[in-house]
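Okay, so here's the structure we're looking at.
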Amino acid sequence: MPSRPVSTYKPLCQSDDKDSLKNDIQRHVISSLGNDYDPPRPYPYYKALAYAVRDRMVDRWIYTQRRYHESKAKRVYYLSLEFLPGRFLKNNIYNLNMDQCSRQAVAEFGFDLEDLSELEWDAGLGNGGLGRLASCFLDSMAALQIPGHGYGIRYDYGIFFQTLSNGHQIEKCDNWLRNGNPWEFERPENLYEVQFGGHTEAYQDENGKTSFRWVGTDNIMAMACDTLIPGYDNGHVINMRLWAAKSSREFNLEFFNMGNYVGAVEDRIHSETISKVLYPNDSVDQGRELRLRQQYFFVSATFQDILRRHKKHIACWSEFPDHVAVQLNDTHPSIAVAEFMRLLIDQEHLEWNEAWDVCVRTFAYTNHTLLPEALETWPAALLGRVLPRHMEIILEINRHFLAKVRQHFPGRDDLLEKLSIIQEHPERRVRMAHLAIVGSHTVNGVSALHSRLLQERVFPEFVELFPGKIRNVTNGITPRRWLLQANPGLAALISQHIGTGWITHLDEMKKLAPMVDDPAFREAWRKVKKENKQRLLRYVLRKTGINIDESSLFDVQVKRIHEYKRQLLNIIYVISLYNRLRKDPSSVTVPRTVFFGGKAAPSYVAAKLVIKLINSVAEVVNNDQSIDNKLKIIFLSNYCVSQAEKIIPAADLSEQISTAGMEASGTGNMKFALNGALTIGTLDGANVEIMEEVGRDNIFIFGLKAEEVAEKRRSGHNPWDCYHQNPALRETLDMIRDNFFNPEEPGIFQPLLHSLLEGGDHYMLLADYADYAATQEAVDKLYLDQDEWTRRSIINSINMGKFSSDRSIGDYARDIWKVEPLSRADFNGNCPLPGEDA
Ligand SMILES: *Cc1c(COP(=O)(O)O)cnc(C)c1O
């Protein structure tokens with residue numbers, strides 16, 4: 001091997017050097033963007049700043065990679081079909097500690113950093129909580145200096161852009177790459193081939209052993225697109241590698257040889273559809289063939305990449321799990337279990353048992369939901385057609401697994417059917433959760449309650465079969481985005497009193513406990529909230545033309561629209577409030593502004609109807625002059641990460657009102673409490689743990705508990721009893737029935753009423769209504785005592801330490817991945833180690 005030349009590369013300036021940043025911005029405007037720098041126009045300057053920031057990450061990223069390589073550190077691969085990063089500009093600037101110099105630099109060109117940052121289109125490659133969690137986790141891996149990599153798909157179209165037309169949701173396609181993407185590195189020279197279809201055949205290898213190969217396939221290429229993720233002020237930069245589909249290098253020769261040139265090109269276009277669009281369902285399995293292809297496409301490319309990186313450094317396969325941990329974010333990437341077995345057996349020629357041991361010690365799986373409609377299954381016929389070799393391997397995995405079940409539960413044939421990876425009736429299907437459980441060393445739920453329900457209700461036999469395999473890691477959120485960046489006023493107030501340690505050690509917020517009783521501190525806290533409310537109020541005025549009373553209670557429910565999340569319960573209560581106001585405005589002491597935001601899956605009829613109902617009620621209420629401006633309803637269209645950053649810091653009240661036992665964790669609940677909102681919520685998901693941290697007296701808990709919901713469903717719940725017993729509830733339901741809010745479209749809300757009254761009220765809205773309404777009155781009462789409200793707001797915020805995603809990632813690293821953080825070694829401009837490793 002020729003020796004490497006000594007590097008003469010001069011690293012870029014330190015990140016806090018304003019003048020060099022200015023110079024780089026101008027250079028990028030000219031030489032990267034081909035623009036005239038004078039007069040400065042905002043968009044090129046946004047992009048040039050992004051390039052200049054990216055420049056400062058690349059050095060550190062290469063350095064980080066080389067340190068991984070040199071230290072032979074164990075790596076974590078976080079596989080997720082969704083990432084929801086939102087905007088990168090300010091996040092990267094804060095994490096690189098460049099905010100002072102960036103603000104100054106752009107100011108000298110006549111720009112405001114906030115305005116430039118608004119020009120960035122959100123990266124919306126996820127639906128909601130699950131995708132956002134993946135992005136918070138990458139931020140924390142970088143912050144904790146864990147050798148980690150994110151892997152996913154670079155969709156051409158992310159989650160749809162939501163607009164409203166006459167109160168109905170309209171989906172527009174999210175062409176997020178329209179203006180290019182200054183953050184990513186496309187790597188067209190690095191392609192992997194991914195196979196689909198074809199068939200398998202047996203052959204004798206050189207030792208006379210029967211082996212299998214997968215032939216006659218259609219092949220698609222995967223191209224890496226890398227986005228760098230910087231840690232907070234630590235010189236550690238990790239990578240989110242997203243795969244884009246490309247047609248194979250060769251044209252389809254058959255077409256080509258027949259002179260069908262255009263047919264060959266069409267074929268090419270067809271293969272690139274695989275990474276075209278994100279499926280817009282949250283917590284529902286849509287079961288489309290293209291989705292299965294997306295899953296395998298990304299898993300296959302990822303494993304080729306992982307094996308390329310590690311194969312040459314391991315002495316034998318049994319040590320592979322000492323170098324690699326793979327986390328499956330839900331079952332979406334769980335075909336990886338079969339793919340890794342295929343690679344080990346068909347390509348590396350390991351024996352079954354040896355391969356299986358390596359496989360199980362490599363994988364861990366995170367379960368995200370108890371909802372039956374979300375549990376992924378694939379028809380065996382479909383899976384066998386798209387991935388014939390994988391189907392064979394899954395059947396073999398199942399054969400070994402069922403032998404274990406038989407041995408453990410002799411004579412229990414009912415259990416074989418229940419636990420089998422293959423569901424036989426009414427149609428043969430592959431249960432991906434079972435594949436993931438059997439193929440992983442650890443399975444985790446995402447809150448204490450969710451993990452307990454997983455163990456008790458969903459997988460009790462798995463618990464017996466694999467003691468200790470199912471455990472809990474409560475979700476978290478990154479305090480860098482959700483407090484430092486989103487709420488600079490509060491961040492500054494906190495840092496002024498306890499320094500900046502909280503940014504990476506959120507537990508340190510507890511140091512503010514003595515300040516709770518300091519009237520001046522409470523006043524300062526209230527002032528920040530007021531400014532955040534004014535900021536939101538200006539945004540709402542711009543977006544909707546509606547004027548909001550800044551002293552009103554900002555009551556907020558923003559999240560995906562789903563029946564189990566119960567936006568319908570909220571709007572029904574709001575209608576009852578409106579009725580009280582119509583009868584006697586003085587009967588309501590606290591003016592409220594009720595905010596809703598969230599997308600409904602395009603095919604989810606009931607959820608879309610809830611959006612329409614909210615907007616119809618808003619139309620009537622917001623235009624009723626008789627209620628003394630004491631109630632306003634705002635539906636903010638296109639809820640997304642950047643909008644969440646504007647709404648959450650301004651909230652007084654956080655609505656976390658899912659039917660108990662149905663929200664796995666929630667992370668919105670954590671973002672609100674961290675920003676000083678009080679929660680009104682059920683004992684569901686992480687709400688339970690939030691209550692434990694902030695104290696029962698500092699949160700508004702109502703409603704049935706998970707066990708009570710289950711019991712009520714068993715014993716039979718009669719929604720008509722609730723209707724008859726509660727006159728206010730009855731009045732609101734009758735108004736909906738009688739088309740009070742929708743005289744133009746009579747009858748449209750009947751399906752909602754039907755599901756409540758005739759359909760058995762599966763989500764227990766009516767069962768929880770009276771307690772919810774009473775608890776909302778307790779909220780009003782407390783809000784009248786602004787000093788006490790502020791006290792509790794502070795107590796909520798400073799006790800959120802547990803819900804930092806740094807804690808979650810610390811748990812995964814220690815208990816599941818068994819990886820150690822790299823020691824802190826600041827990038828000093830030198831990259832002395834050989835690298836070949838990225
Ligand atoms: C945090 C977040 C979510 C998850 O909210 P939940 O209330 O936990 O369902 C969804 N969407 C966006 C944009 C988020 O930032």
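Letters A, B, ... go to the chains of the structure tokens in the order shown; residues in each chain start at 1; ligands are counted from 1 in the same order.
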Give me, as an mmCIF file with N, CA and C atoms, in the first residue's frame, all polymer residues having an atom no more than 12 Å from Ala600 of chain A, counting only C-alpha atoms and skipping those fewer than 6 positions away in the same chain.
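Output saved as out_37.cif:
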data_model
loop_
_atom_site.group_PDB
_atom_site.id
_atom_site.type_symbol
_atom_site.label_atom_id
_atom_site.label_comp_id
_atom_site.auth_asym_id
_atom_site.auth_seq_id
_atom_site.Cartn_x
_atom_site.Cartn_y
_atom_site.Cartn_z
ATOM 1 N N ASN A 127 -44.229 11.150 10.403
ATOM 2 C CA ASN A 127 -45.628 11.476 10.643
ATOM 3 C C ASN A 127 -45.847 12.293 11.906
ATOM 4 N N GLY A 128 -45.159 11.928 12.975
ATOM 5 C CA GLY A 128 -45.434 12.575 14.257
ATOM 6 C C GLY A 128 -44.426 12.115 15.288
ATOM 7 N N ILE A 159 -44.121 14.287 4.730
ATOM 8 C CA ILE A 159 -45.517 14.331 5.165
ATOM 9 C C ILE A 159 -46.219 15.487 4.423
ATOM 10 N N PHE A 160 -47.433 15.234 3.963
ATOM 11 C CA PHE A 160 -48.126 16.229 3.140
ATOM 12 C C PHE A 160 -48.261 17.579 3.855
ATOM 13 N N PHE A 161 -48.407 18.611 3.057
ATOM 14 C CA PHE A 161 -48.649 19.960 3.571
ATOM 15 C C PHE A 161 -50.162 20.115 3.721
ATOM 16 N N GLN A 162 -50.600 20.482 4.900
ATOM 17 C CA GLN A 162 -52.037 20.566 5.165
ATOM 18 C C GLN A 162 -52.540 21.993 4.964
ATOM 19 N N THR A 163 -53.581 22.116 4.150
ATOM 20 C CA THR A 163 -54.283 23.403 4.117
ATOM 21 C C THR A 163 -55.749 23.123 4.446
ATOM 22 N N LEU A 164 -56.513 24.194 4.625
ATOM 23 C CA LEU A 164 -57.932 24.037 4.931
ATOM 24 C C LEU A 164 -58.741 24.699 3.838
ATOM 25 N N HIS A 168 -62.332 21.936 5.806
ATOM 26 C CA HIS A 168 -61.909 20.562 5.514
ATOM 27 C C HIS A 168 -60.410 20.516 5.270
ATOM 28 N N GLN A 169 -59.782 19.425 5.680
ATOM 29 C CA GLN A 169 -58.361 19.251 5.383
ATOM 30 C C GLN A 169 -58.138 18.993 3.898
ATOM 31 N N ILE A 170 -57.185 19.721 3.331
ATOM 32 C CA ILE A 170 -56.734 19.455 1.960
ATOM 33 C C ILE A 170 -55.253 19.089 2.034
ATOM 34 N N GLU A 171 -54.871 18.017 1.363
ATOM 35 C CA GLU A 171 -53.466 17.618 1.363
ATOM 36 C C GLU A 171 -52.774 18.136 0.112
ATOM 37 N N PRO A 280 -48.487 8.452 4.815
ATOM 38 C CA PRO A 280 -48.914 9.461 5.787
ATOM 39 C C PRO A 280 -49.766 8.926 6.932
ATOM 40 N N ASN A 281 -49.565 7.676 7.315
ATOM 41 C CA ASN A 281 -50.363 7.131 8.419
ATOM 42 C C ASN A 281 -49.565 7.137 9.702
ATOM 43 N N ASP A 282 -50.221 7.558 10.766
ATOM 44 C CA ASP A 282 -49.617 7.509 12.081
ATOM 45 C C ASP A 282 -50.348 6.423 12.852
ATOM 46 N N SER A 283 -49.624 5.458 13.372
ATOM 47 C CA SER A 283 -50.231 4.404 14.195
ATOM 48 C C SER A 283 -51.280 3.568 13.464
ATOM 49 N N VAL A 284 -51.182 3.467 12.153
ATOM 50 C CA VAL A 284 -52.050 2.552 11.414
ATOM 51 C C VAL A 284 -51.203 1.885 10.336
ATOM 52 N N VAL A 558 -52.136 20.060 20.263
ATOM 53 C CA VAL A 558 -51.508 19.906 18.943
ATOM 54 C C VAL A 558 -50.841 18.544 18.882
ATOM 55 N N LYS A 559 -51.192 17.761 17.912
ATOM 56 C CA LYS A 559 -50.692 16.396 17.717
ATOM 57 C C LYS A 559 -51.459 15.815 16.542
ATOM 58 N N ARG A 560 -51.073 14.622 16.059
ATOM 59 C CA ARG A 560 -51.859 13.996 15.006
ATOM 60 C C ARG A 560 -53.316 13.872 15.452
ATOM 61 N N ILE A 561 -54.222 13.999 14.479
ATOM 62 C CA ILE A 561 -55.636 13.831 14.812
ATOM 63 C C ILE A 561 -55.938 12.335 14.791
ATOM 64 N N HIS A 562 -56.391 11.822 15.923
ATOM 65 C CA HIS A 562 -56.675 10.395 16.019
ATOM 66 C C HIS A 562 -57.816 10.223 17.018
ATOM 67 N N GLU A 563 -58.674 9.260 16.783
ATOM 68 C CA GLU A 563 -59.790 9.103 17.729
ATOM 69 C C GLU A 563 -59.308 8.843 19.144
ATOM 70 N N LYS A 565 -56.734 9.971 20.595
ATOM 71 C CA LYS A 565 -56.189 11.180 21.219
ATOM 72 C C LYS A 565 -57.300 12.142 21.670
ATOM 73 N N GLN A 567 -59.403 14.571 20.353
ATOM 74 C CA GLN A 567 -59.689 15.981 20.066
ATOM 75 C C GLN A 567 -61.192 16.235 20.144
ATOM 76 N N ALA A 606 -62.930 9.544 9.950
ATOM 77 C CA ALA A 606 -63.400 10.082 11.233
ATOM 78 C C ALA A 606 -62.502 11.230 11.703
ATOM 79 N N ALA A 607 -61.194 11.075 11.517
ATOM 80 C CA ALA A 607 -60.268 12.124 11.965
ATOM 81 C C ALA A 607 -60.467 13.394 11.148
ATOM 82 N N LYS A 608 -60.711 13.233 9.853
ATOM 83 C CA LYS A 608 -60.922 14.415 9.017
ATOM 84 C C LYS A 608 -62.217 15.137 9.384
ATOM 85 N N LEU A 609 -63.187 14.361 9.820
ATOM 86 C CA LEU A 609 -64.452 14.949 10.241
ATOM 87 C C LEU A 609 -64.280 15.753 11.529
ATOM 88 N N VAL A 610 -63.396 15.298 12.384
ATOM 89 C CA VAL A 610 -63.120 16.043 13.622
ATOM 90 C C VAL A 610 -62.515 17.403 13.274
ATOM 91 N N ILE A 611 -61.619 17.426 12.290
ATOM 92 C CA ILE A 611 -61.033 18.710 11.857
ATOM 93 C C ILE A 611 -62.141 19.650 11.368
ATOM 94 N N LYS A 612 -63.027 19.098 10.571
ATOM 95 C CA LYS A 612 -64.125 19.918 10.056
ATOM 96 C C LYS A 612 -65.022 20.419 11.195
ATOM 97 N N SER A 637 -53.345 25.419 10.692
ATOM 98 C CA SER A 637 -53.113 24.381 9.693
ATOM 99 C C SER A 637 -51.631 24.023 9.613
ATOM 100 N N ASN A 638 -51.375 22.826 9.111
ATOM 101 C CA ASN A 638 -50.032 22.297 8.881
ATOM 102 C C ASN A 638 -49.151 22.271 10.121
ATOM 103 N N TYR A 639 -49.637 21.620 11.168
ATOM 104 C CA TYR A 639 -48.802 21.408 12.359
ATOM 105 C C TYR A 639 -47.543 20.630 11.960
#
(request) Extract, using only C-alpha atoms, all DNA, RNA and protein residues at most 12 Å from Leu416 of chain A, discarding same-chain residues fewer than 5 positions from it, and format them as a VMD selection string. (result) chain A and resid 398 to 399 401 to 411 421 to 424 461 to 462
(message) Let me see if you get this right: every residue at most 9 Å from ligand 1, counting only C-alpha atoms and all ligand atoms, written as a ChimeraX atom specification.
(response) /A:84-86,124,126-133,477,557-561,565,598-599,639-645,655-656,663-671
(request) Pull the alpha helix (DSSP H) assignments for segment 268-326 of chain A out of DSSP run on the backbone, and list those residues as number ranges by chain. (result) A: 268-271, 289-310, 320-323
(request) Show which residues sit within 10 Å of Val620 of chain A, as a list in words. Count only C-alpha atoms, and ignore same-chain residues fewer than 2 positions away. (result) Tyr578, Asn615, Ser616, Val617, Ala618, Asn622, Asn623, Asp624, Lys632, Ile633, Phe740, Phe741 and Asn742 of chain A
(request) Name the residues in contact with Pro333 of chain A at a cut-off of 10 Å, using only C-alpha atoms, excluding same-chain residues fewer than 3 positions from it; report them as a list in words. (result) Leu79, Ser80, Leu81, Gly152, Leu292, Gln294, Gln295, Tyr296, Phe297, Phe298, Val299, Ser300, Gln327, Leu328, Asn329, Asp330, Ala336, Val337, Tyr365, Met432 and Ala436 of chain A
Convert the current residue selection to file output with N, CA, C and O atoms, as a short mmCIF file (atom, residue, chain, number, x, y, z; two decimals), in the first residue's frame.
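Output saved as part_16.cif:
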data_model
loop_
_atom_site.label_atom_id
_atom_site.label_comp_id
_atom_site.auth_asym_id
_atom_site.auth_seq_id
_atom_site.Cartn_x
_atom_site.Cartn_y
_atom_site.Cartn_z
N LEU A 79 -32.23 2.36 13.17
CA LEU A 79 -32.96 2.19 11.90
C LEU A 79 -34.39 2.67 12.05
O LEU A 79 -35.13 2.17 12.90
N SER A 80 -34.77 3.63 11.22
CA SER A 80 -36.12 4.20 11.35
C SER A 80 -36.65 4.59 9.97
O SER A 80 -35.95 5.25 9.21
N LEU A 81 -37.87 4.19 9.68
CA LEU A 81 -38.47 4.62 8.42
C LEU A 81 -38.87 6.09 8.45
O LEU A 81 -39.27 6.64 7.43
N GLY A 152 -32.23 5.78 7.31
CA GLY A 152 -33.63 5.87 6.92
C GLY A 152 -33.78 6.08 5.42
O GLY A 152 -32.87 5.76 4.65
N LEU A 292 -43.81 -2.19 1.75
CA LEU A 292 -42.92 -3.32 2.04
C LEU A 292 -41.62 -3.17 1.25
O LEU A 292 -40.53 -3.39 1.77
N GLN A 294 -40.30 -0.36 0.28
CA GLN A 294 -39.51 0.70 0.93
C GLN A 294 -38.74 0.14 2.12
O GLN A 294 -37.56 0.42 2.31
N GLN A 295 -39.42 -0.67 2.91
CA GLN A 295 -38.79 -1.22 4.12
C GLN A 295 -37.58 -2.07 3.75
O GLN A 295 -36.50 -1.92 4.33
N TYR A 296 -37.76 -2.94 2.77
CA TYR A 296 -36.64 -3.82 2.44
C TYR A 296 -35.52 -3.06 1.74
O TYR A 296 -34.33 -3.29 2.00
N PHE A 297 -35.89 -2.12 0.90
CA PHE A 297 -34.91 -1.29 0.19
C PHE A 297 -33.94 -0.65 1.19
O PHE A 297 -32.72 -0.73 1.06
N PHE A 298 -34.51 -0.05 2.22
CA PHE A 298 -33.68 0.68 3.18
C PHE A 298 -32.90 -0.27 4.08
O PHE A 298 -31.74 -0.06 4.39
N VAL A 299 -33.51 -1.39 4.44
CA VAL A 299 -32.82 -2.36 5.30
C VAL A 299 -31.66 -3.00 4.54
O VAL A 299 -30.55 -3.14 5.06
N SER A 300 -31.89 -3.37 3.29
CA SER A 300 -30.84 -4.03 2.51
C SER A 300 -29.64 -3.10 2.31
O SER A 300 -28.49 -3.48 2.53
N GLN A 327 -30.77 -0.94 16.48
CA GLN A 327 -32.06 -0.67 17.13
C GLN A 327 -33.12 -0.50 16.05
O GLN A 327 -32.95 0.29 15.12
N LEU A 328 -34.20 -1.27 16.17
CA LEU A 328 -35.31 -1.20 15.21
C LEU A 328 -36.39 -0.27 15.77
O LEU A 328 -36.99 -0.58 16.81
N ASN A 329 -36.61 0.87 15.12
CA ASN A 329 -37.62 1.81 15.59
C ASN A 329 -38.99 1.33 15.08
O ASN A 329 -39.37 1.61 13.96
N ASP A 330 -39.69 0.59 15.93
CA ASP A 330 -40.94 -0.09 15.60
C ASP A 330 -40.64 -1.28 14.67
O ASP A 330 -39.47 -1.58 14.39
N ALA A 336 -35.22 -6.70 8.65
CA ALA A 336 -33.76 -6.79 8.87
C ALA A 336 -33.37 -8.10 9.53
O ALA A 336 -32.28 -8.63 9.26
N VAL A 337 -34.24 -8.66 10.37
CA VAL A 337 -33.91 -9.93 11.02
C VAL A 337 -33.70 -11.01 9.96
O VAL A 337 -32.71 -11.74 9.97
N TYR A 365 -35.47 -4.16 19.63
CA TYR A 365 -36.68 -3.66 18.97
C TYR A 365 -37.48 -2.80 19.93
O TYR A 365 -37.70 -3.17 21.09
N MET A 432 -45.04 -9.12 11.98
CA MET A 432 -43.70 -8.53 12.07
C MET A 432 -43.27 -8.30 13.52
O MET A 432 -42.08 -8.38 13.83
N ALA A 436 -39.83 -9.57 15.14
CA ALA A 436 -38.90 -8.66 15.82
C ALA A 436 -38.62 -9.11 17.26
O ALA A 436 -37.49 -9.01 17.73
#
(message) Taking only C-alpha atoms into account, name the residue in A:Asp156, A:Asp806, A:Glu531, A:Asp218 that is nearest to Ser275 of chain A.
(response) A:Asp156
(message) What's the separation between atom CA of Gly197 of chain A and atom CA of Ala301 of chain A, in Å to one decimal place?
(response) 16.2 Å
(request) Would you mind reading off the distance between atom CA of Val58 of chain A and atom CA of Met240 of chain A, one decimal, in Å? (result)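 Answer for the atom CA of Val58 of chain A to atom CA of Met240 of chain A separation: 13.2 Å.
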(message) What does the structure give for the distance between atom CA of Leu757 of chain A and atom CA of Tyr723 of chain A, in Å to one decimal?
(response)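 Taking atom CA of Leu757 of chain A as the start and atom CA of Tyr723 of chain A as the end point, the length is 8.4 Å.
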(request) Would you please work out which residue, of A:Glu708, A:Glu777, A:Glu186, A:Glu731, is nearest to Val590 of chain A when using only C-alpha atoms? (result)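 That would be A:Glu777, the residue with the smallest distance to Val590 of chain A.
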(request) From the DSSP assignment of the backbone, select every residue of segment 557-612 of chain A that is strand (DSSP E), and format the answer as a PyMOL selection string. (result) chain A and resi 557-558+592-597
(request) List the neighbours of Gly545 of chain A out to 12 Å using only C-alpha atoms; skip same-chain residues closer than 5 positions along the sequence, and give me the result as a ChimeraX atom specification. (result) /A:537-540,622,634,636
Pull N, CA and C atoms from the residues just selected and write them as a PDB file, in the first residue's frame.
ATOM      1  N   LEU A 537     -49.423  35.128  19.188  1.00  0.00           N
ATOM      2  CA  LEU A 537     -50.585  35.942  18.782  1.00  0.00           C
ATOM      3  C   LEU A 537     -50.323  36.668  17.462  1.00  0.00           C
ATOM      4  N   ARG A 538     -49.103  37.176  17.293  1.00  0.00           N
ATOM      5  CA  ARG A 538     -48.757  37.836  16.024  1.00  0.00           C
ATOM      6  C   ARG A 538     -48.755  36.829  14.872  1.00  0.00           C
ATOM      7  N   TYR A 539     -48.256  35.636  15.171  1.00  0.00           N
ATOM      8  CA  TYR A 539     -48.236  34.576  14.149  1.00  0.00           C
ATOM      9  C   TYR A 539     -49.661  34.212  13.728  1.00  0.00           C
ATOM     10  N   VAL A 540     -50.548  34.078  14.716  1.00  0.00           N
ATOM     11  CA  VAL A 540     -51.933  33.702  14.416  1.00  0.00           C
ATOM     12  C   VAL A 540     -52.629  34.809  13.619  1.00  0.00           C
ATOM     13  N   ASN A 622     -66.201  32.187  16.961  1.00  0.00           N
ATOM     14  CA  ASN A 622     -65.333  33.353  16.763  1.00  0.00           C
ATOM     15  C   ASN A 622     -66.082  34.555  16.203  1.00  0.00           C
ATOM     16  N   ILE A 634     -58.941  28.369  17.611  1.00  0.00           N
ATOM     17  CA  ILE A 634     -58.000  28.533  16.499  1.00  0.00           C
ATOM     18  C   ILE A 634     -57.528  27.162  16.044  1.00  0.00           C
ATOM     19  N   LEU A 636     -54.820  25.759  13.756  1.00  0.00           N
ATOM     20  CA  LEU A 636     -53.650  26.164  12.977  1.00  0.00           C
ATOM     21  C   LEU A 636     -53.320  25.063  11.985  1.00  0.00           C
TER      22      LEU A 636
END
(message) Taking 6 positions as the minimum chain separation for residues in the same chain, which residues sit within 8 Å of segment 135-143 of chain A when counting only C-alpha atoms? Answer as a PyMOL selection string.
(response) chain A and resi 83-85+149-150+229-234+236-238+240+476-478+504+805-806+809
Restrict the selected residues to N, CA and C atoms and save them as a CSV table (one decimal), in the first residue's frame.
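The resulting file, out-v5.csv, is reproduced below:
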chain,number,residue,atom,x,y,z
A,83,PHE,N,-37.8,10.1,10.1
A,83,PHE,CA,-37.1,11.1,10.9
A,83,PHE,C,-37.9,12.4,10.7
A,84,LEU,N,-38.0,13.1,11.8
A,84,LEU,CA,-38.8,14.4,11.7
A,84,LEU,C,-37.9,15.5,12.3
A,85,PRO,N,-36.9,15.9,11.5
A,85,PRO,CA,-35.9,16.9,12.1
A,85,PRO,C,-36.5,18.3,12.1
A,149,HIS,N,-25.2,6.1,14.3
A,149,HIS,CA,-25.6,6.4,13.0
A,149,HIS,C,-27.1,6.3,12.9
A,150,GLY,N,-27.7,7.2,12.2
A,150,GLY,CA,-29.1,7.1,11.9
A,150,GLY,C,-29.3,6.6,10.5
A,229,ILE,N,-25.3,15.6,11.9
A,229,ILE,CA,-26.0,16.0,13.1
A,229,ILE,C,-25.0,16.3,14.2
A,230,PRO,N,-24.8,17.6,14.6
A,230,PRO,CA,-23.8,18.0,15.5
A,230,PRO,C,-24.3,17.8,17.0
A,231,GLY,N,-23.4,17.4,17.8
A,231,GLY,CA,-23.6,17.4,19.3
A,231,GLY,C,-23.6,18.8,19.8
A,232,TYR,N,-24.0,18.9,21.1
A,232,TYR,CA,-24.0,20.2,21.7
A,232,TYR,C,-22.6,20.6,22.1
A,233,ASP,N,-22.0,21.5,21.4
A,233,ASP,CA,-20.8,22.2,21.9
A,233,ASP,C,-19.7,21.2,22.3
A,234,ASN,N,-19.6,20.1,21.5
A,234,ASN,CA,-18.6,19.1,21.9
A,234,ASN,C,-17.8,18.5,20.8
A,236,HIS,N,-18.5,16.7,18.5
A,236,HIS,CA,-18.9,15.4,18.0
A,236,HIS,C,-20.0,15.5,17.0
A,237,VAL,N,-19.8,15.0,15.8
A,237,VAL,CA,-20.8,15.1,14.7
A,237,VAL,C,-21.2,13.7,14.2
A,238,ILE,N,-22.4,13.4,14.2
A,238,ILE,CA,-22.8,12.0,13.7
A,238,ILE,C,-23.6,12.2,12.4
A,240,MET,N,-26.8,11.2,9.7
A,240,MET,CA,-28.1,10.5,9.4
A,240,MET,C,-28.0,10.2,7.9
A,476,GLY,N,-38.0,10.5,25.5
A,476,GLY,CA,-37.6,11.8,26.0
A,476,GLY,C,-37.5,12.8,24.8
A,477,ILE,N,-37.2,14.0,25.1
A,477,ILE,CA,-37.1,15.1,24.1
A,477,ILE,C,-35.8,15.8,24.3
A,478,THR,N,-35.2,16.4,23.2
A,478,THR,CA,-34.0,17.1,23.4
A,478,THR,C,-34.2,18.5,23.9
A,504,THR,N,-27.2,20.3,28.9
A,504,THR,CA,-26.8,18.9,28.7
A,504,THR,C,-27.1,18.1,29.9
A,805,SER,N,-34.1,13.5,26.3
A,805,SER,CA,-33.7,12.3,25.5
A,805,SER,C,-32.3,11.9,25.8
A,806,ASP,N,-31.5,12.8,26.5
A,806,ASP,CA,-30.2,12.3,26.9
A,806,ASP,C,-30.3,11.2,28.0
A,809,ILE,N,-31.4,8.0,25.9
A,809,ILE,CA,-30.3,7.5,25.2
A,809,ILE,C,-29.2,6.9,26.2
(message) Please list as an MDAnalysis selection string every residue within 8 Å of Val443 of chain A, counting only C-alpha atoms and excluding residues in the same chain fewer than 2 positions away.
(response) chainID A and resid 364:367 437 440:441 445 469:471
Would you mind exporting N, CA, C and O atoms of the selected residues as a compact mmCIF listing (two decimals), in the first residue's frame?
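Writing done, so here's out.txt:
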# COMPACT_ATOMS: atom_id res chain seq x y z
N ALA A 364 -32.15 -5.08 18.72
CA ALA A 364 -33.12 -4.75 19.76
C ALA A 364 -34.28 -4.03 19.08
O ALA A 364 -34.09 -3.38 18.04
N TYR A 365 -35.47 -4.16 19.63
CA TYR A 365 -36.68 -3.66 18.97
C TYR A 365 -37.48 -2.80 19.93
O TYR A 365 -37.70 -3.17 21.09
N THR A 366 -37.90 -1.63 19.46
CA THR A 366 -38.76 -0.75 20.25
C THR A 366 -40.19 -0.86 19.76
O THR A 366 -40.46 -0.62 18.58
N ASN A 367 -41.08 -1.25 20.65
CA ASN A 367 -42.51 -1.28 20.31
C ASN A 367 -43.10 0.09 20.63
O ASN A 367 -42.80 0.69 21.67
N ILE A 437 -39.63 -9.62 17.94
CA ILE A 437 -39.42 -10.07 19.32
C ILE A 437 -38.49 -11.28 19.34
O ILE A 437 -37.52 -11.34 20.10
N SER A 440 -34.74 -10.46 18.43
CA SER A 440 -34.00 -9.44 19.18
C SER A 440 -33.62 -9.94 20.56
O SER A 440 -34.32 -10.79 21.12
N HIS A 441 -32.56 -9.37 21.12
CA HIS A 441 -32.22 -9.74 22.50
C HIS A 441 -33.02 -8.95 23.50
O HIS A 441 -33.24 -9.38 24.63
N GLY A 445 -40.78 -1.13 25.58
CA GLY A 445 -41.88 -0.18 25.46
C GLY A 445 -41.33 1.20 25.77
O GLY A 445 -40.16 1.34 26.13
N LYS A 469 -36.68 -10.18 28.67
CA LYS A 469 -36.43 -9.60 27.34
C LYS A 469 -37.21 -8.30 27.15
O LYS A 469 -36.71 -7.35 26.54
N ILE A 470 -38.44 -8.23 27.65
CA ILE A 470 -39.26 -7.03 27.45
C ILE A 470 -39.06 -6.07 28.61
O ILE A 470 -39.33 -6.41 29.77
N ARG A 471 -38.58 -4.88 28.32
CA ARG A 471 -38.34 -3.91 29.39
C ARG A 471 -38.79 -2.52 28.96
O ARG A 471 -39.42 -2.36 27.93
